[in-house]
Amino acid sequence: TYLNSVVAHELLVGANTDSKARDISTRIIEPLRKVGRLITPTHAAWTDSAGAIARMARKENRNLRSIPKSLIHDYLLAASCREAGMTLITENVEDFKEVRRYLRFEYLPPWPK
């Protein structure tokens, strides 16, 4: 199991208390970081995701300011997983299906159901 820094960021932002944030850091993020299983987007992943977002905005005639931050994170997460040669495991299959229209990467729903 690997954890992407984008997901770690989302978990920490979503923590509703300092105690919850410490718990997430202590129990989830740090153990994976210590064993080298934390994936962080490189400049190339940022660039690839930006290009894909720009293509999507042009093709769908979308105002960039209207694109939700969560969707921008999804593009960055997808580009980072692709770069690392990893398959993204997500319950958010519908959003990543849309991302895949503009950025090639592999994803699967969690298992077992």
# chains A, B, ... in the order shown; residues from 1 in each chain; ligands from 1

call {"tool": "residues_around", "arguments": {"residues": "segment 86-89 of chain A", "least_positions_apart": "2", "cutoff": "8 Å", "atoms": "only C-alpha atoms", "output": "ChimeraX atom specification"}}
result
/A:78,81-84,91,105-110

call {"tool": "write_last_selection", "arguments": {"atoms": "N, CA, C and O atoms", "output": "PDB file, in the first residue's frame"}}
result
ATOM      1  N   ALA A  78      -3.899  11.674 -10.324  1.00  0.00           N
ATOM      2  CA  ALA A  78      -3.823  10.758 -11.472  1.00  0.00           C
ATOM      3  C   ALA A  78      -2.468  10.867 -12.168  1.00  0.00           C
ATOM      4  O   ALA A  78      -1.841   9.843 -12.488  1.00  0.00           O
ATOM      5  N   CYS A  81       0.244   9.242  -9.940  1.00  0.00           N
ATOM      6  CA  CYS A  81       0.179   7.773  -9.949  1.00  0.00           C
ATOM      7  C   CYS A  81       0.707   7.218 -11.268  1.00  0.00           C
ATOM      8  O   CYS A  81       1.449   6.235 -11.283  1.00  0.00           O
ATOM      9  N   ARG A  82       0.330   7.862 -12.358  1.00  0.00           N
ATOM     10  CA  ARG A  82       0.829   7.419 -13.671  1.00  0.00           C
ATOM     11  C   ARG A  82       2.342   7.498 -13.711  1.00  0.00           C
ATOM     12  O   ARG A  82       3.022   6.561 -14.138  1.00  0.00           O
ATOM     13  N   GLU A  83       2.876   8.611 -13.248  1.00  0.00           N
ATOM     14  CA  GLU A  83       4.322   8.814 -13.250  1.00  0.00           C
ATOM     15  C   GLU A  83       5.046   7.745 -12.424  1.00  0.00           C
ATOM     16  O   GLU A  83       6.116   7.278 -12.798  1.00  0.00           O
ATOM     17  N   ALA A  84       4.436   7.343 -11.304  1.00  0.00           N
ATOM     18  CA  ALA A  84       5.038   6.333 -10.435  1.00  0.00           C
ATOM     19  C   ALA A  84       4.796   4.915 -10.938  1.00  0.00           C
ATOM     20  O   ALA A  84       5.290   3.958 -10.353  1.00  0.00           O
ATOM     21  N   GLU A  91     -12.654   5.001  -4.625  1.00  0.00           N
ATOM     22  CA  GLU A  91     -14.105   4.832  -4.635  1.00  0.00           C
ATOM     23  C   GLU A  91     -14.744   5.864  -5.550  1.00  0.00           C
ATOM     24  O   GLU A  91     -15.904   5.739  -5.916  1.00  0.00           O
ATOM     25  N   PHE A 105      -4.196   7.180 -17.365  1.00  0.00           N
ATOM     26  CA  PHE A 105      -3.671   6.567 -16.150  1.00  0.00           C
ATOM     27  C   PHE A 105      -4.557   5.373 -15.835  1.00  0.00           C
ATOM     28  O   PHE A 105      -5.628   5.216 -16.420  1.00  0.00           O
ATOM     29  N   GLU A 106      -4.099   4.542 -14.939  1.00  0.00           N
ATOM     30  CA  GLU A 106      -4.864   3.353 -14.567  1.00  0.00           C
ATOM     31  C   GLU A 106      -5.524   3.562 -13.209  1.00  0.00           C
ATOM     32  O   GLU A 106      -4.911   4.097 -12.287  1.00  0.00           O
ATOM     33  N   TYR A 107      -6.773   3.125 -13.093  1.00  0.00           N
ATOM     34  CA  TYR A 107      -7.481   3.196 -11.831  1.00  0.00           C
ATOM     35  C   TYR A 107      -8.429   2.009 -11.695  1.00  0.00           C
ATOM     36  O   TYR A 107      -8.849   1.422 -12.697  1.00  0.00           O
ATOM     37  N   LEU A 108      -8.742   1.674 -10.458  1.00  0.00           N
ATOM     38  CA  LEU A 108      -9.654   0.587 -10.141  1.00  0.00           C
ATOM     39  C   LEU A 108     -10.450   0.951  -8.896  1.00  0.00           C
ATOM     40  O   LEU A 108      -9.954   1.707  -8.053  1.00  0.00           O
ATOM     41  N   PRO A 109     -11.654   0.391  -8.761  1.00  0.00           N
ATOM     42  CA  PRO A 109     -12.370   0.572  -7.490  1.00  0.00           C
ATOM     43  C   PRO A 109     -11.720  -0.292  -6.410  1.00  0.00           C
ATOM     44  O   PRO A 109     -10.995  -1.243  -6.731  1.00  0.00           O
ATOM     45  N   PRO A 110     -11.969   0.034  -5.149  1.00  0.00           N
ATOM     46  CA  PRO A 110     -11.403  -0.797  -4.067  1.00  0.00           C
ATOM     47  C   PRO A 110     -11.976  -2.209  -4.098  1.00  0.00           C
ATOM     48  O   PRO A 110     -13.041  -2.441  -4.658  1.00  0.00           O
TER      49      PRO A 110
END

call {"tool": "select_by_dssp", "arguments": {"residues": "chain A", "states": "helix (DSSP H, G or I)", "output": "compact mmCIF listing (two decimals) with N, CA and C atoms, in the first residue's frame"}}
result
# COMPACT_ATOMS: atom_id res chain seq x y z
N SER A 5 0.79 11.93 -1.59
CA SER A 5 0.80 13.16 -0.80
C SER A 5 -0.45 14.00 -1.05
N VAL A 6 -1.03 13.90 -2.23
CA VAL A 6 -2.27 14.62 -2.52
C VAL A 6 -3.39 14.12 -1.61
N VAL A 7 -3.46 12.82 -1.42
CA VAL A 7 -4.48 12.23 -0.54
C VAL A 7 -4.18 12.59 0.91
N ALA A 8 -2.91 12.54 1.29
CA ALA A 8 -2.52 12.93 2.66
C ALA A 8 -2.97 14.37 2.93
N HIS A 9 -2.76 15.24 1.96
CA HIS A 9 -3.18 16.64 2.07
C HIS A 9 -4.69 16.73 2.27
N GLU A 10 -5.44 16.00 1.46
CA GLU A 10 -6.90 16.03 1.58
C GLU A 10 -7.37 15.51 2.93
N LEU A 11 -6.71 14.46 3.43
CA LEU A 11 -7.08 13.93 4.75
C LEU A 11 -6.83 14.96 5.84
N LEU A 12 -5.68 15.62 5.78
CA LEU A 12 -5.34 16.60 6.80
C LEU A 12 -6.23 17.84 6.72
N VAL A 13 -6.53 18.29 5.52
CA VAL A 13 -7.43 19.43 5.36
C VAL A 13 -8.82 19.09 5.91
N GLY A 14 -9.25 17.87 5.72
CA GLY A 14 -10.57 17.45 6.16
C GLY A 14 -10.67 17.11 7.64
N ASP A 18 -7.60 19.37 15.72
CA ASP A 18 -6.16 19.16 15.76
C ASP A 18 -5.83 17.72 16.16
N SER A 19 -6.63 17.17 17.05
CA SER A 19 -6.43 15.79 17.49
C SER A 19 -6.60 14.82 16.33
N LYS A 20 -7.61 15.04 15.51
CA LYS A 20 -7.84 14.18 14.34
C LYS A 20 -6.68 14.30 13.36
N ALA A 21 -6.18 15.51 13.15
CA ALA A 21 -5.04 15.71 12.25
C ALA A 21 -3.81 14.98 12.76
N ARG A 22 -3.57 15.06 14.07
CA ARG A 22 -2.42 14.33 14.65
C ARG A 22 -2.60 12.83 14.48
N ASP A 23 -3.82 12.35 14.67
CA ASP A 23 -4.11 10.92 14.52
C ASP A 23 -3.85 10.46 13.08
N ILE A 24 -4.30 11.25 12.13
CA ILE A 24 -4.06 10.92 10.71
C ILE A 24 -2.56 10.88 10.43
N SER A 25 -1.85 11.88 10.92
CA SER A 25 -0.39 11.93 10.70
C SER A 25 0.30 10.74 11.35
N THR A 26 -0.04 10.47 12.59
CA THR A 26 0.62 9.41 13.37
C THR A 26 0.29 8.01 12.88
N ARG A 27 -0.97 7.78 12.58
CA ARG A 27 -1.42 6.42 12.28
C ARG A 27 -1.42 6.06 10.80
N ILE A 28 -1.49 7.07 9.92
CA ILE A 28 -1.59 6.78 8.49
C ILE A 28 -0.36 7.28 7.73
N ILE A 29 -0.09 8.57 7.82
CA ILE A 29 0.93 9.18 6.97
C ILE A 29 2.35 8.77 7.38
N GLU A 30 2.70 8.98 8.64
CA GLU A 30 4.08 8.73 9.08
C GLU A 30 4.54 7.29 8.90
N PRO A 31 3.73 6.28 9.24
CA PRO A 31 4.20 4.91 9.02
C PRO A 31 4.53 4.63 7.55
N LEU A 32 3.74 5.16 6.64
CA LEU A 32 4.01 4.94 5.22
C LEU A 32 5.22 5.76 4.75
N ARG A 33 5.36 6.97 5.28
CA ARG A 33 6.53 7.79 4.93
C ARG A 33 7.82 7.13 5.39
N LYS A 34 7.81 6.59 6.60
CA LYS A 34 9.02 5.97 7.17
C LYS A 34 9.51 4.78 6.36
N HIS A 43 7.52 17.81 -10.40
CA HIS A 43 7.20 18.94 -11.29
C HIS A 43 6.54 18.43 -12.57
N ALA A 44 7.02 17.30 -13.09
CA ALA A 44 6.44 16.74 -14.31
C ALA A 44 4.97 16.36 -14.10
N ALA A 45 4.63 15.82 -12.94
CA ALA A 45 3.23 15.48 -12.66
C ALA A 45 2.37 16.74 -12.58
N TRP A 46 2.90 17.79 -11.96
CA TRP A 46 2.18 19.07 -11.91
C TRP A 46 1.96 19.60 -13.33
N THR A 47 2.99 19.52 -14.16
CA THR A 47 2.90 20.02 -15.53
C THR A 47 1.91 19.19 -16.35
N ASP A 48 1.98 17.88 -16.23
CA ASP A 48 1.05 17.00 -16.96
C ASP A 48 -0.39 17.24 -16.54
N SER A 49 -0.61 17.40 -15.24
CA SER A 49 -1.98 17.62 -14.78
C SER A 49 -2.48 18.99 -15.24
N ALA A 50 -1.61 19.99 -15.23
CA ALA A 50 -2.01 21.33 -15.70
C ALA A 50 -2.40 21.28 -17.17
N GLY A 51 -1.63 20.58 -17.98
CA GLY A 51 -1.95 20.47 -19.40
C GLY A 51 -3.28 19.77 -19.62
N ALA A 52 -3.54 18.72 -18.85
CA ALA A 52 -4.80 17.99 -18.98
C ALA A 52 -5.99 18.86 -18.55
N ILE A 53 -5.82 19.61 -17.48
CA ILE A 53 -6.89 20.50 -17.01
C ILE A 53 -7.16 21.58 -18.07
N ALA A 54 -6.11 22.14 -18.64
CA ALA A 54 -6.28 23.16 -19.68
C ALA A 54 -7.01 22.59 -20.90
N ARG A 55 -6.66 21.36 -21.31
CA ARG A 55 -7.34 20.72 -22.43
C ARG A 55 -8.82 20.52 -22.12
N MET A 56 -9.10 20.05 -20.91
CA MET A 56 -10.48 19.84 -20.51
C MET A 56 -11.25 21.15 -20.53
N ALA A 57 -10.67 22.20 -19.99
CA ALA A 57 -11.34 23.50 -19.94
C ALA A 57 -11.63 24.03 -21.34
N ARG A 58 -10.66 23.88 -22.25
CA ARG A 58 -10.87 24.34 -23.63
C ARG A 58 -11.94 23.52 -24.33
N LYS A 59 -11.83 22.21 -24.23
CA LYS A 59 -12.76 21.33 -24.94
C LYS A 59 -14.19 21.47 -24.41
N LEU A 64 -11.83 28.37 -15.96
CA LEU A 64 -10.91 27.72 -15.02
C LEU A 64 -11.24 28.03 -13.56
N ARG A 65 -11.77 29.19 -13.31
CA ARG A 65 -12.12 29.56 -11.93
C ARG A 65 -13.29 28.75 -11.39
N SER A 66 -14.05 28.14 -12.28
CA SER A 66 -15.22 27.37 -11.84
C SER A 66 -14.88 25.90 -11.55
N LYS A 69 -11.61 22.65 -6.62
CA LYS A 69 -10.27 22.27 -6.17
C LYS A 69 -10.13 20.75 -6.10
N SER A 70 -11.21 20.08 -5.72
CA SER A 70 -11.14 18.61 -5.63
C SER A 70 -10.85 17.99 -6.99
N LEU A 71 -11.37 18.57 -8.06
CA LEU A 71 -11.09 18.04 -9.40
C LEU A 71 -9.64 18.32 -9.80
N ILE A 72 -9.13 19.47 -9.44
CA ILE A 72 -7.72 19.78 -9.70
C ILE A 72 -6.84 18.78 -8.95
N HIS A 73 -7.19 18.46 -7.71
CA HIS A 73 -6.45 17.46 -6.94
C HIS A 73 -6.52 16.10 -7.63
N ASP A 74 -7.69 15.76 -8.17
CA ASP A 74 -7.84 14.47 -8.86
C ASP A 74 -6.91 14.36 -10.06
N TYR A 75 -6.79 15.44 -10.83
CA TYR A 75 -5.87 15.43 -11.97
C TYR A 75 -4.43 15.25 -11.50
N LEU A 76 -4.05 15.96 -10.45
CA LEU A 76 -2.69 15.85 -9.93
C LEU A 76 -2.42 14.45 -9.39
N LEU A 77 -3.38 13.90 -8.68
CA LEU A 77 -3.25 12.55 -8.16
C LEU A 77 -3.09 11.54 -9.29
N ALA A 78 -3.90 11.67 -10.32
CA ALA A 78 -3.82 10.76 -11.47
C ALA A 78 -2.47 10.87 -12.17
N ALA A 79 -1.99 12.09 -12.39
CA ALA A 79 -0.70 12.28 -13.06
C ALA A 79 0.43 11.71 -12.21
N SER A 80 0.35 11.89 -10.91
CA SER A 80 1.38 11.39 -10.01
C SER A 80 1.40 9.86 -9.97
N CYS A 81 0.24 9.24 -9.94
CA CYS A 81 0.18 7.77 -9.95
C CYS A 81 0.71 7.22 -11.27
N ARG A 82 0.33 7.86 -12.36
CA ARG A 82 0.83 7.42 -13.67
C ARG A 82 2.34 7.50 -13.71
N GLU A 83 2.88 8.61 -13.25
CA GLU A 83 4.32 8.81 -13.25
C GLU A 83 5.05 7.75 -12.42
N ALA A 84 4.44 7.34 -11.30
CA ALA A 84 5.04 6.33 -10.43
C ALA A 84 4.80 4.91 -10.94
N VAL A 93 -14.85 6.53 -8.64
CA VAL A 93 -14.67 6.03 -10.00
C VAL A 93 -15.23 7.00 -11.05
N GLU A 94 -16.39 7.57 -10.78
CA GLU A 94 -17.01 8.44 -11.78
C GLU A 94 -16.16 9.67 -12.09
N ASP A 95 -15.62 10.33 -11.06
CA ASP A 95 -14.78 11.51 -11.31
C ASP A 95 -13.51 11.13 -12.06
N PHE A 96 -12.89 10.02 -11.67
CA PHE A 96 -11.66 9.62 -12.34
C PHE A 96 -11.91 9.11 -13.75
N LYS A 97 -13.10 8.62 -14.02
CA LYS A 97 -13.48 8.26 -15.38
C LYS A 97 -13.44 9.52 -16.25
N GLU A 98 -13.92 10.63 -15.71
CA GLU A 98 -13.88 11.91 -16.43
C GLU A 98 -12.45 12.40 -16.60
N VAL A 99 -11.64 12.30 -15.55
CA VAL A 99 -10.24 12.72 -15.64
C VAL A 99 -9.53 11.94 -16.74

call {"tool": "closest_residue", "arguments": {"among": "A:Thr90, A:Thr1, A:Asn61, A:Asn16", "to": "Ile39 of chain A", "atoms": "only C-alpha atoms"}}
result
A:Thr1

call {"tool": "atom_distance", "arguments": {"atom1": "atom CA of Thr17 of chain A", "atom2": "atom CA of Pro68 of chain A"}}
result
23.7 Å

call {"tool": "atom_distance", "arguments": {"atom1": "atom CA of Asn4 of chain A", "atom2": "atom CA of Gly85 of chain A"}}
result
12.6 Å

call {"tool": "select_by_dssp", "arguments": {"residues": "chain A", "states": "strand (DSSP E)", "output": "MDAnalysis selection string"}}
result
chainID A and resid 3:4 38:39 88:89 107:108
